[in-house]
Amino acid sequence: GSKALKRNMAPTFWVIKRKEKRFVTKPSPGPHSSKLSIPIVVLLRDVLNLTNTYSETKIVIRDGGVIVDGCVRKDCDYSVGLMDVVEVPKLNLIYRLVPSKRLIEPIKISKSEKNIKLCKILGKKSLSKDVFQYSLHDGRNINLTSNDANVGSTMKIEIPSQKVKKILDLKTNNLVVLIGGQNKGKIGKITNISPSSFSRPKMLEIDVNDTKIEVQSKFALVIGENQSELNLIGEL
């Protein structure tokens, strides 16, 4: 298939000039859905404005100048998405893609946070009597001997080692950031959980600055208990 995408068809959270040129790079198949991710070449050139042309950006990437979640990525079309860490060592810059009103946006983060990531648990299955496999939102599968984590909760992991540091449960009084729906990007505290039924998905009641919001649990990422485990607010 074509490696190009018409600019006016690109996801709205890609902050790009849509009328300047006709096409933009299409994300290659990867850990994130194409509708929820952005190619690193577009991120560097169009969003972060660290480079000027496709050719210049391609040289930076193919020379190993971009690290995603602790691993060097040399594919220009490699797509990054929610909570991914993108590092450009030569410029001493580190970014995390965090939930926002648009959907996701990059913010600068400190070196102390670059090896930590929060991942939503989307699936869980038993591989044997003592081993359970957890499927995470960024395409990872992590095998543990523990059966304590549930679908919908969050794993705080170390990257790139994938060592699990903490489980953040989807339960009342925990903090969440909304990763979808009309309130995406907002942070609040879970005040009530309504279990799913035949006709209705699991719903959360969330207190956002003293305003009650009801959302589907799939749109919430648990980020901490009394405070967020990671900085989610920052600037380019």
# chains A, B, ... in the order shown; residues from 1 in each chain; ligands from 1

call {"tool": "residues_around", "arguments": {"residues": "A:Gly234", "least_positions_apart": "6", "cutoff": "10 Å", "atoms": "only C-alpha atoms", "output": "PyMOL selection string"}}
result
chain A and resi 95-96+98+105-109

call {"tool": "residues_around", "arguments": {"residues": "A:Ile213", "least_positions_apart": "2", "cutoff": "10 Å", "atoms": "only C-alpha atoms", "output": "JSON, numbers by chain"}}
result
{"A": [183, 188, 190, 191, 204, 205, 206, 207, 208, 210, 211, 215]}

call {"tool": "select_by_dssp", "arguments": {"residues": "stretch 92-191 of chain A", "states": "strand (DSSP E or B)", "output": "PDB file with N, CA and C atoms, in the first residue's frame"}}
result
ATOM      1  N   LEU A  93      16.843  16.342  24.567  1.00  0.00           N
ATOM      2  CA  LEU A  93      15.401  16.553  24.704  1.00  0.00           C
ATOM      3  C   LEU A  93      14.696  15.213  24.928  1.00  0.00           C
ATOM      4  N   ILE A  94      13.737  15.210  25.864  1.00  0.00           N
ATOM      5  CA  ILE A  94      12.943  14.007  26.141  1.00  0.00           C
ATOM      6  C   ILE A  94      11.476  14.429  26.212  1.00  0.00           C
ATOM      7  N   TYR A  95      10.632  13.714  25.489  1.00  0.00           N
ATOM      8  CA  TYR A  95       9.199  14.018  25.471  1.00  0.00           C
ATOM      9  C   TYR A  95       8.384  12.779  25.846  1.00  0.00           C
ATOM     10  N   ARG A  96       7.190  13.039  26.396  1.00  0.00           N
ATOM     11  CA  ARG A  96       6.211  11.959  26.581  1.00  0.00           C
ATOM     12  C   ARG A  96       4.922  12.382  25.874  1.00  0.00           C
ATOM     13  N   LEU A  97       4.282  11.434  25.195  1.00  0.00           N
ATOM     14  CA  LEU A  97       3.000  11.717  24.549  1.00  0.00           C
ATOM     15  C   LEU A  97       1.892  11.471  25.571  1.00  0.00           C
ATOM     16  N   VAL A  98       1.247  12.541  26.001  1.00  0.00           N
ATOM     17  CA  VAL A  98       0.260  12.460  27.085  1.00  0.00           C
ATOM     18  C   VAL A  98      -1.147  12.771  26.570  1.00  0.00           C
ATOM     19  N   PRO A  99      -2.175  12.335  27.299  1.00  0.00           N
ATOM     20  CA  PRO A  99      -3.549  12.640  26.885  1.00  0.00           C
ATOM     21  C   PRO A  99      -3.796  14.152  26.889  1.00  0.00           C
ATOM     22  N   ILE A 104      -3.713  13.230  21.970  1.00  0.00           N
ATOM     23  CA  ILE A 104      -2.414  13.123  22.624  1.00  0.00           C
ATOM     24  C   ILE A 104      -1.534  14.270  22.162  1.00  0.00           C
ATOM     25  N   GLU A 105      -0.600  14.682  23.028  1.00  0.00           N
ATOM     26  CA  GLU A 105       0.348  15.729  22.652  1.00  0.00           C
ATOM     27  C   GLU A 105       1.658  15.496  23.392  1.00  0.00           C
ATOM     28  N   PRO A 106       2.770  15.949  22.814  1.00  0.00           N
ATOM     29  CA  PRO A 106       4.058  15.760  23.479  1.00  0.00           C
ATOM     30  C   PRO A 106       4.307  16.845  24.528  1.00  0.00           C
ATOM     31  N   ILE A 107       4.867  16.445  25.668  1.00  0.00           N
ATOM     32  CA  ILE A 107       5.347  17.410  26.654  1.00  0.00           C
ATOM     33  C   ILE A 107       6.791  17.042  26.999  1.00  0.00           C
ATOM     34  N   LYS A 108       7.586  18.035  27.381  1.00  0.00           N
ATOM     35  CA  LYS A 108       8.946  17.757  27.821  1.00  0.00           C
ATOM     36  C   LYS A 108       8.903  17.116  29.203  1.00  0.00           C
ATOM     37  N   ILE A 116      10.225   5.371  32.989  1.00  0.00           N
ATOM     38  CA  ILE A 116       8.985   4.912  33.627  1.00  0.00           C
ATOM     39  C   ILE A 116       7.812   5.173  32.690  1.00  0.00           C
ATOM     40  N   LYS A 117       6.884   4.230  32.657  1.00  0.00           N
ATOM     41  CA  LYS A 117       5.722   4.367  31.777  1.00  0.00           C
ATOM     42  C   LYS A 117       4.482   3.786  32.456  1.00  0.00           C
ATOM     43  N   LEU A 118       3.335   4.404  32.214  1.00  0.00           N
ATOM     44  CA  LEU A 118       2.056   3.881  32.701  1.00  0.00           C
ATOM     45  C   LEU A 118       1.317   3.242  31.529  1.00  0.00           C
ATOM     46  N   CYS A 119       0.915   1.990  31.697  1.00  0.00           N
ATOM     47  CA  CYS A 119       0.244   1.250  30.622  1.00  0.00           C
ATOM     48  C   CYS A 119      -1.080   0.672  31.109  1.00  0.00           C
ATOM     49  N   LYS A 120      -2.121   0.892  30.339  1.00  0.00           N
ATOM     50  CA  LYS A 120      -3.442   0.359  30.674  1.00  0.00           C
ATOM     51  C   LYS A 120      -3.511  -1.120  30.304  1.00  0.00           C
ATOM     52  N   ILE A 121      -4.033  -1.932  31.211  1.00  0.00           N
ATOM     53  CA  ILE A 121      -4.185  -3.371  30.954  1.00  0.00           C
ATOM     54  C   ILE A 121      -5.467  -3.598  30.149  1.00  0.00           C
ATOM     55  N   LEU A 122      -5.307  -4.119  28.923  1.00  0.00           N
ATOM     56  CA  LEU A 122      -6.467  -4.351  28.043  1.00  0.00           C
ATOM     57  C   LEU A 122      -6.909  -5.812  28.031  1.00  0.00           C
ATOM     58  N   GLY A 123      -5.995  -6.721  28.398  1.00  0.00           N
ATOM     59  CA  GLY A 123      -6.344  -8.146  28.373  1.00  0.00           C
ATOM     60  C   GLY A 123      -5.528  -8.935  29.370  1.00  0.00           C
ATOM     61  N   LYS A 124      -6.039 -10.108  29.713  1.00  0.00           N
ATOM     62  CA  LYS A 124      -5.360 -10.961  30.697  1.00  0.00           C
ATOM     63  C   LYS A 124      -5.755 -12.403  30.420  1.00  0.00           C
ATOM     64  N   LYS A 125      -4.751 -13.294  30.390  1.00  0.00           N
ATOM     65  CA  LYS A 125      -5.073 -14.712  30.217  1.00  0.00           C
ATOM     66  C   LYS A 125      -4.063 -15.572  30.955  1.00  0.00           C
ATOM     67  N   SER A 126      -4.498 -16.766  31.286  1.00  0.00           N
ATOM     68  CA  SER A 126      -3.626 -17.702  31.998  1.00  0.00           C
ATOM     69  C   SER A 126      -2.843 -18.524  30.976  1.00  0.00           C
ATOM     70  N   PHE A 132       0.590 -15.717  34.207  1.00  0.00           N
ATOM     71  CA  PHE A 132      -0.491 -14.945  33.594  1.00  0.00           C
ATOM     72  C   PHE A 132       0.100 -13.922  32.633  1.00  0.00           C
ATOM     73  N   GLN A 133      -0.536 -13.798  31.478  1.00  0.00           N
ATOM     74  CA  GLN A 133      -0.075 -12.831  30.480  1.00  0.00           C
ATOM     75  C   GLN A 133      -1.016 -11.635  30.458  1.00  0.00           C
ATOM     76  N   TYR A 134      -0.416 -10.440  30.570  1.00  0.00           N
ATOM     77  CA  TYR A 134      -1.169  -9.188  30.545  1.00  0.00           C
ATOM     78  C   TYR A 134      -0.872  -8.455  29.239  1.00  0.00           C
ATOM     79  N   SER A 135      -1.922  -8.055  28.525  1.00  0.00           N
ATOM     80  CA  SER A 135      -1.769  -7.302  27.280  1.00  0.00           C
ATOM     81  C   SER A 135      -2.010  -5.825  27.582  1.00  0.00           C
ATOM     82  N   LEU A 136      -1.053  -4.978  27.188  1.00  0.00           N
ATOM     83  CA  LEU A 136      -1.107  -3.559  27.521  1.00  0.00           C
ATOM     84  C   LEU A 136      -1.455  -2.704  26.307  1.00  0.00           C
ATOM     85  N   ASN A 141       3.143  -7.379  25.811  1.00  0.00           N
ATOM     86  CA  ASN A 141       2.613  -8.488  26.596  1.00  0.00           C
ATOM     87  C   ASN A 141       3.613  -8.769  27.712  1.00  0.00           C
ATOM     88  N   ILE A 142       3.135  -8.760  28.942  1.00  0.00           N
ATOM     89  CA  ILE A 142       4.008  -8.999  30.088  1.00  0.00           C
ATOM     90  C   ILE A 142       3.507 -10.223  30.848  1.00  0.00           C
ATOM     91  N   ASN A 143       4.407 -11.176  31.079  1.00  0.00           N
ATOM     92  CA  ASN A 143       4.055 -12.398  31.808  1.00  0.00           C
ATOM     93  C   ASN A 143       4.472 -12.274  33.278  1.00  0.00           C
ATOM     94  N   LEU A 144       3.531 -12.572  34.161  1.00  0.00           N
ATOM     95  CA  LEU A 144       3.800 -12.500  35.597  1.00  0.00           C
ATOM     96  C   LEU A 144       3.278 -13.742  36.300  1.00  0.00           C
ATOM     97  N   THR A 154      -3.866  -0.184  35.759  1.00  0.00           N
ATOM     98  CA  THR A 154      -2.659   0.329  35.102  1.00  0.00           C
ATOM     99  C   THR A 154      -1.416  -0.329  35.673  1.00  0.00           C
ATOM    100  N   MET A 155      -0.475  -0.650  34.796  1.00  0.00           N
ATOM    101  CA  MET A 155       0.842  -1.116  35.235  1.00  0.00           C
ATOM    102  C   MET A 155       1.827   0.036  35.113  1.00  0.00           C
ATOM    103  N   LYS A 156       2.534   0.301  36.183  1.00  0.00           N
ATOM    104  CA  LYS A 156       3.654   1.233  36.128  1.00  0.00           C
ATOM    105  C   LYS A 156       4.891   0.386  35.869  1.00  0.00           C
ATOM    106  N   ILE A 157       5.485   0.553  34.681  1.00  0.00           N
ATOM    107  CA  ILE A 157       6.602  -0.311  34.313  1.00  0.00           C
ATOM    108  C   ILE A 157       7.873   0.497  34.069  1.00  0.00           C
ATOM    109  N   GLU A 158       8.979  -0.214  34.179  1.00  0.00           N
ATOM    110  CA  GLU A 158      10.273   0.358  33.850  1.00  0.00           C
ATOM    111  C   GLU A 158      10.542   0.042  32.383  1.00  0.00           C
ATOM    112  N   VAL A 164       7.861  -4.626  36.252  1.00  0.00           N
ATOM    113  CA  VAL A 164       6.658  -4.008  36.816  1.00  0.00           C
ATOM    114  C   VAL A 164       6.980  -3.407  38.185  1.00  0.00           C
ATOM    115  N   LYS A 165       6.762  -2.097  38.296  1.00  0.00           N
ATOM    116  CA  LYS A 165       7.075  -1.381  39.540  1.00  0.00           C
ATOM    117  C   LYS A 165       5.877  -1.312  40.476  1.00  0.00           C
ATOM    118  N   LYS A 166       4.669  -1.257  39.886  1.00  0.00           N
ATOM    119  CA  LYS A 166       3.476  -1.023  40.704  1.00  0.00           C
ATOM    120  C   LYS A 166       2.220  -1.319  39.885  1.00  0.00           C
ATOM    121  N   ILE A 167       1.173  -1.765  40.564  1.00  0.00           N
ATOM    122  CA  ILE A 167      -0.143  -1.917  39.931  1.00  0.00           C
ATOM    123  C   ILE A 167      -1.051  -0.834  40.497  1.00  0.00           C
ATOM    124  N   LEU A 168      -1.667  -0.055  39.615  1.00  0.00           N
ATOM    125  CA  LEU A 168      -2.605   0.985  40.034  1.00  0.00           C
ATOM    126  C   LEU A 168      -4.009   0.500  39.672  1.00  0.00           C
ATOM    127  N   LEU A 175      -6.890   8.250  41.075  1.00  0.00           N
ATOM    128  CA  LEU A 175      -6.880   9.289  40.042  1.00  0.00           C
ATOM    129  C   LEU A 175      -6.816   8.671  38.649  1.00  0.00           C
ATOM    130  N   VAL A 176      -7.522   9.296  37.711  1.00  0.00           N
ATOM    131  CA  VAL A 176      -7.468   8.850  36.319  1.00  0.00           C
ATOM    132  C   VAL A 176      -7.288  10.060  35.413  1.00  0.00           C
ATOM    133  N   VAL A 177      -6.737   9.804  34.234  1.00  0.00           N
ATOM    134  CA  VAL A 177      -6.753  10.799  33.161  1.00  0.00           C
ATOM    135  C   VAL A 177      -7.614  10.215  32.055  1.00  0.00           C
ATOM    136  N   LEU A 178      -8.426  11.044  31.428  1.00  0.00           N
ATOM    137  CA  LEU A 178      -9.333  10.556  30.383  1.00  0.00           C
ATOM    138  C   LEU A 178      -8.600  10.536  29.045  1.00  0.00           C
ATOM    139  N   ILE A 187      -8.233  15.326  34.183  1.00  0.00           N
ATOM    140  CA  ILE A 187      -7.787  14.469  35.285  1.00  0.00           C
ATOM    141  C   ILE A 187      -8.778  14.600  36.436  1.00  0.00           C
ATOM    142  N   GLY A 188      -9.140  13.471  37.033  1.00  0.00           N
ATOM    143  CA  GLY A 188     -10.083  13.513  38.145  1.00  0.00           C
ATOM    144  C   GLY A 188      -9.984  12.268  39.005  1.00  0.00           C
ATOM    145  N   LYS A 189     -10.852  12.216  40.012  1.00  0.00           N
ATOM    146  CA  LYS A 189     -10.855  11.109  40.974  1.00  0.00           C
ATOM    147  C   LYS A 189     -12.108  10.269  40.771  1.00  0.00           C
ATOM    148  N   ILE A 190     -11.951   8.947  40.777  1.00  0.00           N
ATOM    149  CA  ILE A 190     -13.105   8.044  40.641  1.00  0.00           C
ATOM    150  C   ILE A 190     -13.945   8.100  41.914  1.00  0.00           C
ATOM    151  N   THR A 191     -15.236   8.431  41.788  1.00  0.00           N
ATOM    152  CA  THR A 191     -16.121   8.475  42.957  1.00  0.00           C
ATOM    153  C   THR A 191     -17.095   7.295  42.979  1.00  0.00           C
TER     154      THR A 191
END

call {"tool": "closest_residue", "arguments": {"among": "A:Ile193, A:Ile159, A:Ser153, A:Lys184", "to": "A:Gly224", "atoms": "only C-alpha atoms"}}
result
A:Ser153

call {"tool": "closest_atom_pairs", "arguments": {"of": "stretch 120-212 of chain A", "to": "stretch 72-88 of chain A", "cutoff": "9 Å", "atoms": "only C-alpha atoms", "output": "JSON lines"}}
result
{"residue": "A:His137", "atom": "CA", "partner": "A:Leu82", "partner_atom": "CA", "distance": 8.3}
{"residue": "A:Asp138", "atom": "CA", "partner": "A:Leu82", "partner_atom": "CA", "distance": 7.5}
{"residue": "A:Ile179", "atom": "CA", "partner": "A:Leu82", "partner_atom": "CA", "distance": 8.4}

call {"tool": "write_last_selection", "arguments": {"atoms": "N, CA and C atoms", "output": "PDB file, in the first residue's frame"}}
result
ATOM      1  N   HIS A 137      -1.846  -1.464  26.550  1.00  0.00           N
ATOM      2  CA  HIS A 137      -2.377  -0.602  25.482  1.00  0.00           C
ATOM      3  C   HIS A 137      -1.350  -0.280  24.400  1.00  0.00           C
ATOM      4  N   ASP A 138      -0.061  -0.427  24.706  1.00  0.00           N
ATOM      5  CA  ASP A 138       0.965  -0.086  23.715  1.00  0.00           C
ATOM      6  C   ASP A 138       1.511  -1.312  22.995  1.00  0.00           C
ATOM      7  N   ILE A 179      -8.621   9.376  28.378  1.00  0.00           N
ATOM      8  CA  ILE A 179      -7.833   9.174  27.162  1.00  0.00           C
ATOM      9  C   ILE A 179      -8.711   9.077  25.917  1.00  0.00           C
TER      10      ILE A 179
END

call {"tool": "select_by_dssp", "arguments": {"residues": "stretch 71-231 of chain A", "states": "helix (DSSP H, G or I)", "output": "list in words"}}
result
Pro89, Lys90, Leu91, Lys111, Ser112, Glu113, Ser217, Lys218 and Phe219 of chain A

call {"tool": "write_last_selection", "arguments": {"atoms": "C-alpha atoms", "output": "PDB file, in the first residue's frame"}}
result
ATOM      1  CA  PRO A  89      19.882  12.576  22.815  1.00  0.00           C
ATOM      2  CA  LYS A  90      21.905  14.969  20.619  1.00  0.00           C
ATOM      3  CA  LEU A  91      19.554  17.811  21.563  1.00  0.00           C
ATOM      4  CA  LYS A 111      15.515  12.391  32.812  1.00  0.00           C
ATOM      5  CA  SER A 112      14.185  10.985  36.090  1.00  0.00           C
ATOM      6  CA  GLU A 113      10.898  10.027  34.371  1.00  0.00           C
ATOM      7  CA  SER A 217     -14.057   2.801  31.853  1.00  0.00           C
ATOM      8  CA  LYS A 218     -12.223   2.199  28.540  1.00  0.00           C
ATOM      9  CA  PHE A 219     -11.665   5.971  28.342  1.00  0.00           C
TER      10      PHE A 219
END

call {"tool": "atom_distance", "arguments": {"atom1": "atom CA of A:Ile67", "atom2": "atom CA of A:Ala149"}}
result
29.0 Å

call {"tool": "closest_residue", "arguments": {"among": "A:Thr145, A:Ser194, A:Gln162, A:Ser100", "to": "A:Asn115", "atoms": "only C-alpha atoms"}}
result
A:Gln162
